[in-house]
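Asker: Okay, so here is data_1.cif, and as you'll see once you scroll down, it has mmCIF, C-alpha atoms.
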```cif
data_structure
#
loop_
_atom_site.label_atom_id
_atom_site.label_comp_id
_atom_site.auth_asym_id
_atom_site.auth_seq_id
_atom_site.Cartn_x
_atom_site.Cartn_y
_atom_site.Cartn_z
CA MET A 1 -27.70 -4.26 23.97
CA GLN A 2 -24.20 -5.64 24.43
CA LEU A 3 -21.91 -5.42 21.40
CA THR A 4 -18.21 -6.07 20.81
CA LEU A 5 -16.55 -3.53 18.55
CA GLU A 6 -13.10 -4.01 17.11
CA PHE A 7 -10.99 -1.35 15.37
CA GLY A 8 -8.03 -2.26 13.18
CA GLY A 9 -5.76 -1.13 10.37
CA GLY A 10 -4.92 2.07 12.24
CA LEU A 11 -8.50 3.06 13.21
CA GLU A 12 -7.75 2.13 16.82
CA LEU A 13 -5.59 5.26 16.95
CA LEU A 14 -8.76 7.32 16.74
CA CYS A 15 -10.11 5.77 19.93
CA ASP A 16 -7.27 5.94 22.45
CA SER A 17 -5.37 3.09 20.74
CA VAL A 18 -7.82 0.58 22.19
CA LYS A 19 -8.66 -2.13 19.66
CA ILE A 20 -11.50 -3.97 21.33
CA HIS A 21 -14.42 -2.24 23.03
CA ASN A 22 -17.21 -4.08 24.84
CA VAL A 23 -20.06 -1.63 24.76
CA ASP A 24 -23.65 -1.34 25.81
CA VAL A 25 -25.79 0.60 23.37
CA SER A 26 -29.37 1.27 24.22
CA PRO A 27 -31.71 1.83 21.31
CA ASN A 28 -33.65 5.09 21.52
CA ASN A 29 -36.93 3.28 21.45
CA GLU A 30 -37.70 -0.37 21.84
CA VAL A 31 -39.81 -0.60 18.70
CA ASP A 32 -37.33 0.21 15.96
CA LYS A 33 -34.46 -2.07 15.15
CA PHE A 34 -31.00 -0.90 16.02
CA THR A 35 -29.01 -0.85 12.74
CA MET A 36 -25.46 -0.21 11.65
CA LYS A 37 -26.54 3.31 10.81
CA ASP A 38 -27.44 3.88 14.46
CA LEU A 39 -24.24 2.24 15.62
CA LEU A 40 -22.07 4.56 13.50
CA VAL A 41 -23.74 7.58 15.07
CA TRP A 42 -23.15 6.06 18.51
CA VAL A 43 -19.49 5.22 17.80
CA ARG A 44 -18.78 8.67 16.48
CA ALA A 45 -20.30 10.27 19.56
CA ASN A 46 -18.88 7.91 22.17
CA LEU A 47 -15.67 6.25 20.99
CA ILE A 48 -13.95 8.39 18.37
CA LYS A 49 -11.68 10.85 20.16
CA GLU A 50 -9.93 12.47 17.21
CA ARG A 51 -10.10 12.98 13.44
CA PRO A 52 -13.63 11.60 12.94
CA GLU A 53 -13.24 12.25 9.20
CA MET A 54 -10.84 9.30 9.09
CA PHE A 55 -13.68 7.07 10.20
CA MET A 56 -16.82 8.53 8.63
CA LYS A 57 -17.86 10.36 5.50
CA ASP A 58 -21.41 11.68 5.40
CA ASP A 59 -23.53 9.14 7.29
CA SER A 60 -21.45 6.05 6.46
CA VAL A 61 -17.90 4.88 7.02
CA ARG A 62 -15.26 6.53 4.90
CA PRO A 63 -14.67 4.66 1.64
CA GLY A 64 -11.75 2.32 2.25
CA VAL A 65 -12.94 1.29 5.71
CA LEU A 66 -14.06 -2.35 5.74
CA VAL A 67 -16.88 -3.43 8.03
CA LEU A 68 -17.62 -6.97 9.17
CA VAL A 69 -20.62 -8.00 11.25
CA ASN A 70 -19.98 -11.35 12.92
CA ASP A 71 -17.05 -11.89 10.55
CA CYS A 72 -19.21 -11.30 7.50
CA ASP A 73 -18.66 -8.41 5.04
CA TRP A 74 -21.41 -5.87 5.68
CA GLU A 75 -21.90 -5.53 1.92
CA LEU A 76 -23.71 -8.88 2.21
CA SER A 77 -26.05 -7.80 4.98
CA GLY A 78 -27.28 -4.44 3.77
CA GLN A 79 -24.50 -2.10 4.94
CA LEU A 80 -26.14 0.75 6.90
CA ASP A 81 -29.41 -1.17 7.12
CA THR A 82 -27.82 -4.23 8.74
CA PRO A 83 -29.84 -4.93 11.89
CA LEU A 84 -27.79 -5.57 15.01
CA GLU A 85 -28.60 -7.99 17.78
CA GLU A 86 -27.40 -8.79 21.27
CA LYS A 87 -23.77 -10.03 21.39
CA ASP A 88 -22.99 -9.11 17.78
CA VAL A 89 -19.35 -8.48 16.91
CA VAL A 90 -18.64 -5.54 14.59
CA VAL A 91 -15.16 -5.04 13.12
CA PHE A 92 -13.91 -1.89 11.40
CA ILE A 93 -10.64 -2.08 9.45
CA SER A 94 -9.03 0.75 7.58
CA THR A 95 -7.32 -0.15 4.30
CA LEU A 96 -5.90 3.31 3.91
CA HIS A 97 -2.47 2.76 5.42
CA GLY A 98 0.65 1.91 3.49
CA GLY A 99 1.58 -1.62 2.68
CA MET B 1 -23.02 -19.90 17.46
CA ALA B 2 -23.88 -16.24 17.27
CA GLU B 3 -22.76 -16.30 13.65
CA ASN B 4 -25.82 -18.17 12.49
CA HIS B 5 -27.97 -15.13 12.28
CA LYS B 6 -31.12 -14.99 10.31
CA LYS B 7 -29.78 -12.02 8.38
CA ALA B 8 -27.00 -14.12 6.95
CA ALA B 9 -28.77 -17.43 6.74
CA GLY B 10 -29.96 -17.15 3.13
CA ARG B 11 -26.59 -16.21 1.75
CA LEU B 12 -24.73 -19.24 0.51
CA CYS B 13 -21.39 -19.10 -1.27
CA TYR B 14 -21.77 -18.47 -4.99
CA LEU B 15 -18.95 -20.92 -5.73
CA CYS B 16 -19.48 -23.94 -3.46
CA ASN B 17 -23.13 -23.33 -2.64
CA GLN B 18 -22.52 -24.97 0.75
CA ARG B 19 -21.01 -22.57 3.21
CA ARG B 20 -22.16 -19.17 4.34
CA ALA B 21 -20.82 -16.29 2.19
CA ALA B 22 -18.32 -14.12 4.06
CA LEU B 23 -17.53 -11.37 1.59
CA LYS B 24 -18.46 -9.75 -1.67
CA ARG B 25 -15.62 -9.73 -4.17
CA PRO B 26 -15.09 -6.24 -5.62
CA LYS B 27 -13.76 -7.68 -8.86
CA THR B 28 -16.73 -9.92 -9.67
CA LEU B 29 -19.40 -8.93 -7.11
CA GLU B 30 -19.65 -12.64 -6.26
CA GLN B 31 -20.60 -13.50 -2.70
CA ILE B 32 -18.27 -16.21 -1.52
CA CYS B 33 -17.29 -18.05 1.62
CA ARG B 34 -13.97 -17.83 3.39
CA GLU B 35 -12.59 -21.13 2.13
CA CYS B 36 -13.47 -20.39 -1.51
CA PHE B 37 -12.06 -16.89 -1.08
CA TYR B 38 -8.65 -18.23 0.01
CA GLU B 39 -8.69 -20.53 -2.98
CA VAL B 40 -9.59 -17.97 -5.66
CA PHE B 41 -7.38 -15.27 -4.12
CA GLU B 42 -4.30 -17.50 -4.15
CA GLU B 43 -5.12 -19.11 -7.49
CA GLU B 44 -5.54 -15.76 -9.25
CA ILE B 45 -2.13 -14.62 -8.04
CA HIS B 46 -0.64 -17.93 -9.18
CA GLN B 47 -2.20 -17.42 -12.62
CA VAL B 48 -0.77 -13.90 -12.83
CA ILE B 49 2.66 -15.28 -11.96
CA VAL B 50 2.43 -18.06 -14.54
CA LYS B 51 0.90 -16.04 -17.38
CA ASN B 52 3.39 -13.22 -17.03
CA GLN B 53 6.30 -15.60 -16.41
CA LEU B 54 7.36 -13.57 -13.41
CA PHE B 55 9.80 -16.18 -12.10
CA LYS B 56 12.12 -18.91 -13.32
CA PRO B 57 13.03 -22.00 -11.29
CA GLY B 58 16.12 -21.50 -9.14
CA GLU B 59 15.81 -17.72 -8.95
CA ARG B 60 16.57 -15.77 -5.79
CA ILE B 61 13.74 -13.34 -5.06
CA ALA B 62 13.66 -10.48 -2.56
CA ILE B 63 10.28 -9.42 -1.21
CA GLY B 64 10.24 -5.72 -0.37
CA ALA B 65 8.82 -5.92 3.16
CA SER B 66 7.61 -2.93 5.12
CA GLY B 67 5.63 -4.84 7.73
CA GLY B 68 2.42 -3.38 6.29
CA LYS B 69 -0.57 -5.33 4.99
CA ASP B 70 0.44 -5.66 1.33
CA SER B 71 3.98 -6.90 1.79
CA THR B 72 2.97 -9.15 4.69
CA VAL B 73 0.27 -10.85 2.61
CA LEU B 74 2.69 -11.02 -0.34
CA ALA B 75 5.35 -12.76 1.76
CA TYR B 76 2.78 -15.21 3.11
CA VAL B 77 1.12 -16.03 -0.23
CA LEU B 78 4.36 -16.22 -2.17
CA SER B 79 5.92 -18.70 0.24
CA GLU B 80 2.69 -20.75 0.10
CA LEU B 81 2.61 -20.78 -3.71
CA ASN B 82 6.34 -21.48 -3.92
CA ARG B 83 5.76 -24.63 -1.86
CA ARG B 84 2.47 -25.65 -3.45
CA HIS B 85 3.48 -25.23 -7.09
CA ASN B 86 7.20 -25.97 -6.77
CA TYR B 87 8.36 -22.64 -8.19
CA GLY B 88 11.82 -23.54 -6.91
CA LEU B 89 12.46 -20.00 -5.63
CA ASP B 90 14.75 -18.86 -2.84
CA LEU B 91 12.74 -16.16 -1.07
CA PHE B 92 14.14 -13.37 1.10
CA LEU B 93 12.62 -10.45 2.99
CA LEU B 94 14.23 -7.09 2.28
CA SER B 95 13.42 -4.10 4.49
CA VAL B 96 14.54 -0.52 4.49
CA ASP B 97 15.16 1.28 7.76
CA GLU B 98 14.56 4.94 7.00
CA GLY B 99 15.42 5.91 10.56
CA ILE B 100 12.01 7.16 11.69
CA THR B 101 11.68 6.73 15.43
CA GLY B 102 8.27 5.53 16.58
CA TYR B 103 7.28 4.38 13.12
CA ARG B 104 9.80 2.35 11.21
CA ASP B 105 11.42 0.87 14.27
CA ASP B 106 8.00 -0.54 15.26
CA SER B 107 7.16 -1.83 11.79
CA LEU B 108 10.58 -3.49 11.54
CA GLU B 109 9.66 -5.48 14.63
CA THR B 110 6.71 -6.82 12.61
CA VAL B 111 9.04 -7.81 9.77
CA LYS B 112 11.32 -9.57 12.26
CA ARG B 113 8.34 -11.59 13.48
CA ASN B 114 7.43 -12.39 9.85
CA GLU B 115 11.00 -13.64 9.35
CA ILE B 116 10.35 -16.30 11.99
CA GLN B 117 6.69 -16.97 11.14
CA TYR B 118 7.35 -17.60 7.43
CA GLY B 119 10.92 -18.88 7.77
CA LEU B 120 12.31 -16.33 5.30
CA PRO B 121 15.77 -14.80 5.83
CA LEU B 122 15.62 -11.02 6.40
CA LYS B 123 18.01 -8.29 5.28
CA ILE B 124 17.64 -4.72 6.54
CA VAL B 125 19.41 -1.81 4.83
CA SER B 126 19.36 1.60 6.48
CA TYR B 127 19.45 5.15 5.17
CA LYS B 128 22.05 5.89 7.82
CA ASP B 129 24.44 3.28 6.43
CA LEU B 130 23.75 4.05 2.76
CA TYR B 131 23.51 7.83 2.84
CA GLY B 132 24.82 8.92 6.23
CA TRP B 133 21.45 10.45 7.17
CA THR B 134 18.36 9.11 8.94
CA MET B 135 14.95 10.53 8.02
CA ASP B 136 14.76 11.94 11.55
CA GLU B 137 17.96 13.91 10.86
CA ILE B 138 16.75 14.98 7.42
CA VAL B 139 13.46 16.26 8.80
CA LYS B 140 15.35 18.12 11.52
CA MET B 141 17.24 19.93 8.78
CA ILE B 142 14.58 20.47 6.09
CA GLY B 143 11.36 20.48 8.11
CA LEU B 144 8.15 18.77 7.10
CA LYS B 145 8.00 20.03 3.54
CA ASN B 146 9.33 17.81 0.75
CA ASN B 147 10.57 15.19 3.21
CA CYS B 148 8.52 12.54 1.37
CA THR B 149 10.53 13.31 -1.78
CA PHE B 150 13.77 12.48 0.01
CA CYS B 151 12.30 9.37 1.53
CA GLY B 152 10.84 8.09 -1.75
CA VAL B 153 13.97 8.66 -3.82
CA PHE B 154 16.20 7.13 -1.15
CA ARG B 155 13.93 4.12 -0.63
CA ARG B 156 13.90 3.19 -4.28
CA GLN B 157 17.68 3.08 -4.39
CA ALA B 158 17.96 1.46 -0.98
CA LEU B 159 15.83 -1.47 -2.16
CA ASP B 160 18.04 -1.89 -5.23
CA ARG B 161 21.19 -1.77 -3.14
CA GLY B 162 19.77 -4.24 -0.63
CA ALA B 163 18.75 -6.53 -3.48
CA ALA B 164 22.30 -6.36 -4.84
CA LEU B 165 23.70 -7.27 -1.41
CA LEU B 166 21.36 -10.27 -1.26
CA LYS B 167 22.46 -11.19 -4.80
CA VAL B 168 18.86 -11.71 -5.85
CA ASP B 169 17.61 -11.95 -9.44
CA LYS B 170 14.43 -9.99 -8.84
CA LEU B 171 12.64 -7.79 -6.39
CA VAL B 172 8.89 -8.16 -5.83
CA THR B 173 6.77 -5.47 -4.22
CA GLY B 174 3.29 -5.51 -2.73
CA HIS B 175 1.79 -2.78 -4.94
CA ASN B 176 -1.87 -3.66 -5.41
CA ALA B 177 -4.51 -2.79 -8.02
CA ASP B 178 -5.69 0.24 -6.04
CA ASP B 179 -2.11 1.56 -5.81
CA ILE B 180 -1.60 1.18 -9.54
CA ALA B 181 -4.91 2.83 -10.46
CA GLU B 182 -3.98 5.69 -8.17
CA THR B 183 -0.56 6.05 -9.81
CA VAL B 184 -2.09 6.05 -13.31
CA LEU B 185 -4.28 8.96 -12.23
CA LEU B 186 -1.40 10.82 -10.57
CA ASN B 187 0.81 10.48 -13.62
CA ILE B 188 -1.98 11.84 -15.82
CA LEU B 189 -2.52 14.72 -13.41
CA ARG B 190 1.19 15.51 -13.54
CA GLY B 191 1.61 15.00 -17.28
CA ASP B 192 4.37 12.52 -16.48
CA ILE B 193 4.19 10.51 -19.69
CA ALA B 194 7.34 8.49 -19.06
CA ARG B 195 6.00 7.19 -15.75
CA LEU B 196 2.47 6.78 -17.11
CA SER B 197 3.68 4.27 -19.68
CA ARG B 198 5.84 2.47 -17.14
CA CYS B 199 3.59 2.35 -14.10
CA THR B 200 1.18 -0.34 -15.32
CA SER B 201 3.93 -2.78 -16.37
CA ILE B 202 3.89 -5.84 -14.17
CA THR B 203 7.67 -6.08 -14.53
CA THR B 204 9.96 -3.06 -14.80
CA GLY B 205 13.69 -2.51 -15.03
CA GLU B 206 14.40 -5.63 -17.05
CA ASP B 207 17.25 -3.78 -18.74
CA GLY B 208 18.69 -2.80 -15.35
CA PRO B 209 20.54 -4.92 -12.80
CA ILE B 210 17.50 -5.94 -10.74
CA PRO B 211 14.05 -6.18 -12.36
CA ARG B 212 11.05 -5.47 -10.18
CA CYS B 213 7.64 -7.04 -10.40
CA LYS B 214 4.21 -6.66 -8.86
CA PRO B 215 2.33 -9.95 -8.42
CA PHE B 216 -0.60 -8.02 -6.82
CA LYS B 217 -1.12 -5.84 -9.90
CA TYR B 218 -4.70 -7.12 -10.29
CA THR B 219 -5.39 -7.76 -6.59
CA TYR B 220 -7.82 -5.44 -4.85
CA GLU B 221 -6.77 -3.83 -1.60
CA LYS B 222 -10.06 -4.87 -0.03
CA GLU B 223 -9.27 -8.53 -0.68
CA ILE B 224 -5.72 -8.20 0.64
CA VAL B 225 -7.00 -6.73 3.90
CA MET B 226 -9.82 -9.31 4.15
CA TYR B 227 -7.30 -12.09 3.56
CA ALA B 228 -4.98 -10.73 6.25
CA TYR B 229 -7.91 -10.36 8.64
CA PHE B 230 -9.38 -13.83 8.11
CA LYS B 231 -5.94 -15.47 8.27
CA ARG B 232 -5.01 -13.35 11.30
CA LEU B 233 -1.75 -12.30 9.66
CA ASP B 234 0.49 -10.10 11.75
CA TYR B 235 0.90 -6.69 10.10
CA PHE B 236 1.66 -3.14 11.12
CA SER B 237 -0.70 -0.29 10.33
CA THR B 238 0.25 3.15 11.47
CA GLU B 239 0.56 6.22 9.33
CA CYS B 240 4.08 7.59 8.97
CA ILE B 241 4.63 10.29 11.58
CA TYR B 242 6.02 12.66 8.95
CA SER B 243 2.97 14.06 7.14
CA PRO B 244 1.26 11.98 4.49
CA ASN B 245 1.62 12.82 0.81
CA ALA B 246 -1.42 15.08 0.47
CA TYR B 247 -1.70 15.03 -3.32
CA ARG B 248 -1.56 11.25 -3.43
CA GLY B 249 -4.05 11.07 -0.58
CA PHE B 250 -6.46 13.06 -2.68
CA ALA B 251 -6.15 10.66 -5.60
CA ARG B 252 -6.55 7.73 -3.22
CA GLU B 253 -9.77 9.08 -1.81
CA PHE B 254 -11.12 9.67 -5.31
CA ILE B 255 -10.35 6.06 -6.27
CA LYS B 256 -12.05 4.78 -3.13
CA ASP B 257 -15.15 6.86 -3.87
CA LEU B 258 -15.26 5.45 -7.40
CA GLU B 259 -14.80 1.93 -6.07
CA ARG B 260 -17.78 2.29 -3.80
CA MET B 261 -20.00 3.24 -6.72
CA ARG B 262 -18.50 0.83 -9.23
CA PRO B 263 -15.75 -1.52 -8.03
CA ARG B 264 -14.67 -2.35 -11.59
CA ALA B 265 -13.43 1.23 -11.93
CA ILE B 266 -10.08 0.21 -10.44
CA LEU B 267 -9.37 -2.46 -13.04
CA ASP B 268 -10.68 -0.18 -15.78
CA ILE B 269 -8.28 2.63 -14.83
CA ILE B 270 -5.39 0.13 -14.96
CA LYS B 271 -6.63 -0.99 -18.37
CA SER B 272 -6.75 2.61 -19.57
CA GLY B 273 -3.17 3.07 -18.38
CA GLU B 274 -2.05 -0.08 -20.19
CA ASP B 275 -3.73 0.89 -23.46
CA PHE B 276 -2.43 4.43 -23.59
CA ARG B 277 -0.35 4.96 -26.69
CA ILE B 278 2.23 7.68 -26.46
CA SER B 279 2.41 9.85 -29.58
CA THR B 280 5.73 9.39 -31.38
CA SER B 281 6.34 13.12 -31.29
CA THR B 282 6.44 13.12 -27.48
CA LYS B 283 9.97 13.59 -26.20
CA MET B 284 10.86 10.89 -23.72
CA PRO B 285 13.76 11.14 -21.29
CA GLU B 286 16.74 8.98 -22.17
CA GLN B 287 17.89 6.46 -19.61
CA GLY B 288 21.56 6.66 -18.67
CA THR B 289 23.63 6.22 -15.53
CA CYS B 290 24.55 8.62 -12.77
CA GLU B 291 28.09 9.95 -13.19
CA ARG B 292 28.60 9.91 -9.48
CA CYS B 293 27.22 6.61 -8.19
CA GLY B 294 26.43 4.64 -11.34
CA TYR B 295 22.74 4.22 -10.57
CA ILE B 296 20.25 4.48 -13.46
CA SER B 297 19.39 8.09 -14.20
CA SER B 298 18.02 10.13 -17.07
CA GLN B 299 20.15 13.05 -15.89
CA LYS B 300 23.85 13.57 -15.26
CA TRP B 301 23.40 12.82 -11.58
CA CYS B 302 20.67 10.60 -10.19
CA LYS B 303 18.05 12.19 -8.00
CA ALA B 304 19.43 10.64 -4.80
CA CYS B 305 22.90 12.12 -5.44
CA VAL B 306 21.40 15.57 -6.11
CA LEU B 307 19.35 15.42 -2.92
CA LEU B 308 22.29 14.13 -0.92
CA GLU B 309 24.55 16.87 -2.29
CA GLY B 310 21.97 19.41 -1.14
CA LEU B 311 21.80 17.90 2.34
CA ASN B 312 25.56 17.73 2.76
CA LYS B 313 26.00 21.30 1.52
CA GLY B 314 23.21 22.66 3.66
CA LEU B 315 21.07 23.43 0.57
CA PRO B 316 18.25 20.96 1.11
CA LYS B 317 16.03 22.50 -1.58
CA LEU B 318 18.40 21.31 -4.26
CA GLY B 319 16.61 18.87 -6.54
CA ILE B 320 13.16 19.59 -5.14
CA GLY B 321 10.44 20.27 -7.66
CA ARG B 322 10.82 20.62 -11.40
CA SER B 323 13.79 22.40 -12.93
CA ARG B 324 11.73 25.39 -13.94
CA GLY B 325 10.72 25.70 -10.33
CA LEU B 326 14.33 25.99 -9.17
CA ASP B 327 15.29 29.54 -8.54
CA ASN B 328 18.36 31.06 -10.13
CA ASN B 329 20.49 30.88 -7.03
CA HIS B 330 20.16 27.16 -6.78
CA ARG B 331 20.84 26.75 -10.43
CA LYS B 332 23.96 28.84 -10.16
CA ASP B 333 25.08 26.86 -7.16
CA VAL B 334 24.68 23.62 -9.02
CA LYS B 335 26.71 24.90 -11.91
CA GLN B 336 29.45 26.26 -9.72
CA SER B 337 29.77 23.35 -7.41
CA ASN B 338 30.03 20.54 -9.88
CA GLY B 339 29.87 21.92 -13.37
CA THR B 340 26.75 20.05 -14.33
CA LYS B 341 24.48 21.85 -16.73
CA ASN B 342 21.43 19.76 -16.63
CA ILE B 343 20.27 18.71 -13.22
CA GLU B 344 16.57 18.46 -13.61
CA GLY B 345 14.35 17.69 -10.70
CA LYS B 346 11.74 15.17 -11.62
CA GLN B 347 8.77 15.39 -9.40
CA CYS B 348 8.42 13.28 -6.32
CA GLY B 349 10.01 9.90 -6.42
CA SER B 350 7.99 8.61 -3.52
CA LEU B 351 5.80 6.72 -5.97
CA ASP B 352 8.21 3.79 -6.01
CA PHE B 353 7.28 2.83 -9.52
#
```
What is this file in structure tokens?
Answerer:
Amino acid sequence: MQLTLEFGGGLELLCDSVKIHNVDVSPNNEVDKFTMKDLLVWVRANLIKERPEMFMKDDSVRPGVLVLVNDCDWELSGQLDTPLEEKDVVVFISTLHGG
Amino acid sequence: MAENHKKAAGRLCYLCNQRRAALKRPKTLEQICRECFYEVFEEEIHQVIVKNQLFKPGERIAIGASGGKDSTVLAYVLSELNRRHNYGLDLFLLSVDEGITGYRDDSLETVKRNEIQYGLPLKIVSYKDLYGWTMDEIVKMIGLKNNCTFCGVFRRQALDRGAALLKVDKLVTGHNADDIAETVLLNILRGDIARLSRCTSITTGEDGPIPRCKPFKYTYEKEIVMYAYFKRLDYFSTECIYSPNAYRGFAREFIKDLERMRPRAILDIIKSGEDFRISTSTKMPEQGTCERCGYISSQKWCKACVLLEGLNKGLPKLGIGRSRGLDNNHRKDVKQSNGTKNIEGKQCGSLDF
């Protein structure tokens, strides 16, 4: 499944300062839906190169990290349970830097 | 378009009931669309400005601009509202160059772009010009401990001095609701009653030369970042290379955890701060002026002069920590070198409140 992931607000520094990643994630099995919960596990394992605690806390993003799926706040689509589909765009923005 | 997913299809904006909802407001938990969000976000800030009479027509206003998300959104929204509602304000961007290579020099580039994008004149004041030291030089001398104290104390004064150079009537800063809730907590944790009673005021320093105000006092950080993202505003977001303020970071994380469970918590902490009544038997520091530079100070010398004296004499620990934390040698040195009896170090000025 092809996804576009975007990191902003300083989070890009955790993945080699690259903001936009076009990735191909393959669900473990074809039956279950691939959700945001699965994506976070994948991102942590494959994209985050340093200080993963800046990105995640327990099994979700760290509080203060905003997530948008297709430009829509993930709080509207079920957060970790948000199902992902081919060509979805997922944006992570940290709010934790100075203003 | 890929946006019309089934998972989002049922969610219509709570306000217009026409367009697809794009975010959940932390303040109200309403699910609203982008267009309605812009409208309520801007209108709420306008109402805060009007209700608190933050500005008068014809005033010159400096916007403290770091290039970060809060001050960038503030500069954008304030110039919009100034036009839309005919505030009649002359707006300026005011930036401080602390002299931090690889951090401030990059963020100042953002502010220079904002100058052009928003058509607001920009003034930059530097630590080097004002104090003779850059933060890079200070860190070289004192190391990575307490450097945030120097930076915070110097920045506060630098903004005032820059505002005086611009001859503005007021200085506005981008402190948001999350910042203020965090500062309420920190001041409680430190027992700093003077700052606790001051830190929730939307306007401070009205008795001084340049009052400061915080139009984002009730604006959630989440909404500021969402606004900047949806509007594709150009801001800079890198952590300062010189160690973050760990204690403040702790309070910040606590606030963010609370927000996740109950977003209202942020406004409620601000409310608690506002409604605190200080017992009349509590001794409050008296506000005077610094004998050396004339800046406001509750002590004989202002904190910046004490810190600067330490730097120039090669005693960088001077003025760090509370007075009871100063060891006898430093105390003696203070007495000998300038005859002052009462130089008290107030804890960390990097709060900017």
Asker: For the file shown, what are the residues hit by the PyMOL selection byres ((chain B and resi 64) around 9), laid out as a list in words?
Answerer: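 Selected by the PyMOL selection byres ((chain B and resi 64) around 9) here: Ala62, Ile63, Ala65, Ser66, Ser71, Ala75, Phe92, Leu93, Leu94, Ser95, Val96, Leu159, Leu171, Val172, Thr173 and Gly174 of chain B.
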Asker: Residues of chain B within 8 Å of chain A: nearest atom pair and distance (Å, one decimal) for each, counting all atoms listed in the file, sorted by chain and number, as a Markdown table?
Answerer:
```
| residue | atom | partner | partner_atom | distance |
| --- | --- | --- | --- | --- |
| B:Ala2 | CA | A:Asp88 | CA | 7.2 |
| B:Glu3 | CA | A:Asn70 | CA | 5.7 |
| B:Lys7 | CA | A:Ser77 | CA | 6.6 |
| B:Ala8 | CA | A:Ser77 | CA | 6.7 |
| B:Arg11 | CA | A:Leu76 | CA | 7.9 |
| B:Ala21 | CA | A:Cys72 | CA | 7.5 |
| B:Ala22 | CA | A:Cys72 | CA | 4.5 |
| B:Leu23 | CA | A:Asp73 | CA | 4.7 |
| B:Lys24 | CA | A:Glu75 | CA | 6.5 |
| B:Gln31 | CA | A:Leu76 | CA | 7.4 |
| B:Ser66 | CA | A:Gly99 | CA | 6.6 |
| B:Gly67 | CA | A:Gly99 | CA | 7.2 |
| B:Gly68 | CA | A:Gly99 | CA | 4.1 |
| B:Lys69 | CA | A:Gly99 | CA | 4.9 |
| B:Asp70 | CA | A:Gly99 | CA | 4.4 |
| B:Ser71 | CA | A:Gly99 | CA | 5.9 |
| B:Thr72 | CA | A:Gly99 | CA | 7.9 |
| B:Gly174 | CA | A:Gly99 | CA | 6.9 |
| B:His175 | CA | A:Gly99 | CA | 7.7 |
| B:Glu221 | CA | A:Thr95 | CA | 7.0 |
| B:Lys222 | CA | A:Thr95 | CA | 7.0 |
| B:Val225 | CA | A:Thr95 | CA | 6.6 |
| B:Phe236 | CA | A:Gly9 | CA | 7.7 |
| B:Ser237 | CA | A:Gly9 | CA | 5.1 |
| B:Thr238 | CA | A:Gly10 | CA | 5.3 |
| B:Glu239 | CA | A:His97 | CA | 6.0 |
| B:Glu253 | CA | A:Pro63 | CA | 7.4 |
| B:Lys256 | CA | A:Pro63 | CA | 5.4 |
| B:Asp257 | CA | A:Pro63 | CA | 6.0 |
| B:Arg260 | CA | A:Pro63 | CA | 6.7 |
```
Asker: My list of candidates is B:Ala304, B:Ile61, B:Val40, B:Ile278. Which is closest to Gly88 of chain B when distances are computed with only C-alpha atoms?
Answerer: B:Ile61
Asker: Extract, using only C-alpha atoms, all DNA, RNA and protein residues at most 7 Å from Lys217 of chain B, discarding same-chain residues fewer than 2 positions from it, and format them as JSON, numbers by chain.
Answerer: {"B": [175, 176, 177, 202, 214, 215, 219]}
Asker: Applying the PyMOL selection byres ((chain B and resi 82) around 12) to the file I just gave you, which residues come out? Please list them as a ChimeraX atom specification.
Answerer: /B:42,45-46,49-50,55-61,74-81,83-91
Asker: Please compute the atom CA of Gly99 of chain B-atom CA of Gly152 of chain B distance, one decimal, in Å.
Answerer: 13.3 Å
Asker: Using atom CA of Pro121 of chain B and atom CA of Glu223 of chain B as the two end points, give the distance in Å to one decimal.
Answerer: 26.6 Å
Asker: Report, in Å to a single decimal, how far apart atom CA of Leu122 of chain B and atom CA of Val73 of chain B are.
Answerer: 15.8 Å
Asker: Find the residues around Glu6 of chain A up to 6 Å (all atoms listed in the file counted), leave out those fewer than 2 positions away in its own chain, and share them as a list in words.
Answerer: Lys19, Ile20 and Val91 of chain A
Asker: Generate the output file for the selected residues, C-alpha atoms, as an mmCIF file, in the frame of the given file.
Answerer:
```
data_model
loop_
_atom_site.group_PDB
_atom_site.id
_atom_site.type_symbol
_atom_site.label_atom_id
_atom_site.label_comp_id
_atom_site.auth_asym_id
_atom_site.auth_seq_id
_atom_site.Cartn_x
_atom_site.Cartn_y
_atom_site.Cartn_z
ATOM 1 C CA LYS A 19 -8.660 -2.130 19.660
ATOM 2 C CA ILE A 20 -11.500 -3.970 21.330
ATOM 3 C CA VAL A 91 -15.160 -5.040 13.120
#
```
Asker: Quick one: residues within 9 Å of Pro27 of chain A, only C-alpha atoms counted, chain neighbours fewer than 4 positions away excluded, as a VMD selection string?
Answerer: chain A and resid 1 31 to 34 38
Asker: Out of A:Leu5, A:Ala45, A:Leu39, A:Val61, which residue has the shortest atom-to-atom distance to Ser26 of chain A when counting only C-alpha atoms?
Answerer: A:Leu39
Asker: Please report, as lines of an AutoDock Vina configuration file, the centre and edge lengths in Å to one decimal of an axis-aligned box covering all listed atoms of segment 272-280 of chain B with 5 Å per side.
Answerer:
```
center_x = -0.5
center_y = 4.9
center_z = -24.9
size_x = 22.5
size_y = 19.9
size_z = 23.0
```
Asker: Of the residues A:Cys15, A:Phe7, A:Trp42, A:Val23, which is the one nearest to Phe92 of chain A, using only C-alpha atoms?
Answerer: A:Phe7
Asker: For His21 of chain A, which residue among A:Asp58, A:Val41, A:Val90, A:Glu50 is the nearest when counting all atoms listed in the file?
Answerer: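 Closest to His21 of chain A of all the choices is A:Val90.
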